[in-house]
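All remarks here apply to the structure that follows.
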Amino acid sequence: MMRASGQFMGHGMTLALAVLLFMGLGAWVDSKVGTAPILMVLGAFVGGGAAFYSLYYHIVIEPRERGKDPQ
C-alpha cells in the first residue's frame, strides 16, 4: 500500500511541477517580450496537457503494455 501511495504522490508532484515550470517559463518570456500574461497562461495549459499525458501514460498505457509482455 505504501508503494502505491508513493507512486501516485509522485505522479501528483510531476503534474504540479510541470504546470509550474511551464507557467514560470511563460512568465519569464512574457517579461522579456512585454506581452501581458498571455504566454504564462499558455504555458500553464501546455504544462497541464503534458502532465496529463504523462499521467495517462503511466496509469493506463504502461500497465496495458506490461500485460502484453511475453515473459
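In the C-alpha cells, the first chain shown is A, the next is B, and so on; residue numbers restart at 1 for each chain, and ligands run from 1 in the order shown.
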
Residue set, chain A restricted to alpha helix (DSSP H), as a PyMOL selection string: chain A and resi 2-33+38-56+62-68

Take the residues just selected and output them with C-alpha atoms as a JSON list (two decimals), in the first residue's frame.
[["chain", "number", "residue", "atom", "x", "y", "z"],
["A", 2, "MET", "CA", 2.84, 2.41, 0.81],
["A", 3, "ARG", "CA", 4.47, 1.75, -2.56],
["A", 4, "ALA", "CA", 1.26, 2.52, -4.46],
["A", 5, "SER", "CA", 0.61, 5.68, -2.48],
["A", 6, "GLY", "CA", 4.18, 6.84, -3.06],
["A", 7, "GLN", "CA", 3.84, 6.16, -6.76],
["A", 8, "PHE", "CA", 0.67, 8.22, -7.03],
["A", 9, "MET", "CA", 2.12, 11.03, -4.92],
["A", 10, "GLY", "CA", 4.97, 11.11, -7.40],
["A", 11, "HIS", "CA", 2.51, 11.42, -10.26],
["A", 12, "GLY", "CA", 0.81, 14.31, -8.47],
["A", 13, "MET", "CA", 4.13, 16.07, -7.93],
["A", 14, "THR", "CA", 5.00, 15.58, -11.59],
["A", 15, "LEU", "CA", 1.71, 17.16, -12.60],
["A", 16, "ALA", "CA", 2.15, 20.15, -10.28],
["A", 17, "LEU", "CA", 5.79, 20.74, -11.21],
["A", 18, "ALA", "CA", 5.12, 20.53, -14.94],
["A", 19, "VAL", "CA", 2.39, 23.17, -14.70],
["A", 20, "LEU", "CA", 4.55, 25.42, -12.52],
["A", 21, "LEU", "CA", 7.62, 25.00, -14.72],
["A", 22, "PHE", "CA", 5.83, 25.85, -17.95],
["A", 23, "MET", "CA", 3.90, 28.68, -16.29],
["A", 24, "GLY", "CA", 7.15, 30.12, -14.93],
["A", 25, "LEU", "CA", 8.79, 29.82, -18.32],
["A", 26, "GLY", "CA", 5.84, 31.62, -19.89],
["A", 27, "ALA", "CA", 6.03, 34.39, -17.27],
["A", 28, "TRP", "CA", 9.74, 34.79, -17.92],
["A", 29, "VAL", "CA", 9.22, 35.06, -21.68],
["A", 30, "ASP", "CA", 6.34, 37.49, -21.04],
["A", 31, "SER", "CA", 8.66, 39.75, -19.06],
["A", 32, "LYS", "CA", 11.26, 39.68, -21.85],
["A", 33, "VAL", "CA", 8.84, 40.20, -24.74],
["A", 38, "ILE", "CA", -0.66, 35.58, -22.38],
["A", 39, "LEU", "CA", 2.35, 33.28, -22.54],
["A", 40, "MET", "CA", 2.12, 32.47, -18.85],
["A", 41, "VAL", "CA", -1.45, 31.23, -19.28],
["A", 42, "LEU", "CA", -0.49, 29.38, -22.45],
["A", 43, "GLY", "CA", 2.44, 27.80, -20.57],
["A", 44, "ALA", "CA", 0.11, 26.67, -17.80],
["A", 45, "PHE", "CA", -2.13, 24.94, -20.35],
["A", 46, "VAL", "CA", 0.81, 23.34, -22.16],
["A", 47, "GLY", "CA", 2.27, 22.14, -18.87],
["A", 48, "GLY", "CA", -1.10, 20.78, -17.79],
["A", 49, "GLY", "CA", -1.53, 18.95, -21.08],
["A", 50, "ALA", "CA", 1.94, 17.44, -20.94],
["A", 51, "ALA", "CA", 1.46, 16.42, -17.31],
["A", 52, "PHE", "CA", -1.94, 14.88, -18.05],
["A", 53, "TYR", "CA", -0.46, 12.87, -20.93],
["A", 54, "SER", "CA", 2.35, 11.64, -18.68],
["A", 55, "LEU", "CA", -0.16, 10.67, -16.00],
["A", 56, "TYR", "CA", -2.36, 8.90, -18.56],
["A", 62, "GLU", "CA", 2.11, 1.33, -19.37],
["A", 63, "PRO", "CA", 0.17, -1.33, -17.39],
["A", 64, "ARG", "CA", -1.62, -2.39, -20.56],
["A", 65, "GLU", "CA", 1.71, -2.86, -22.36],
["A", 66, "ARG", "CA", 3.16, -4.71, -19.38],
["A", 67, "GLY", "CA", 0.24, -7.15, -19.56],
["A", 68, "LYS", "CA", 1.05, -7.94, -23.21]]
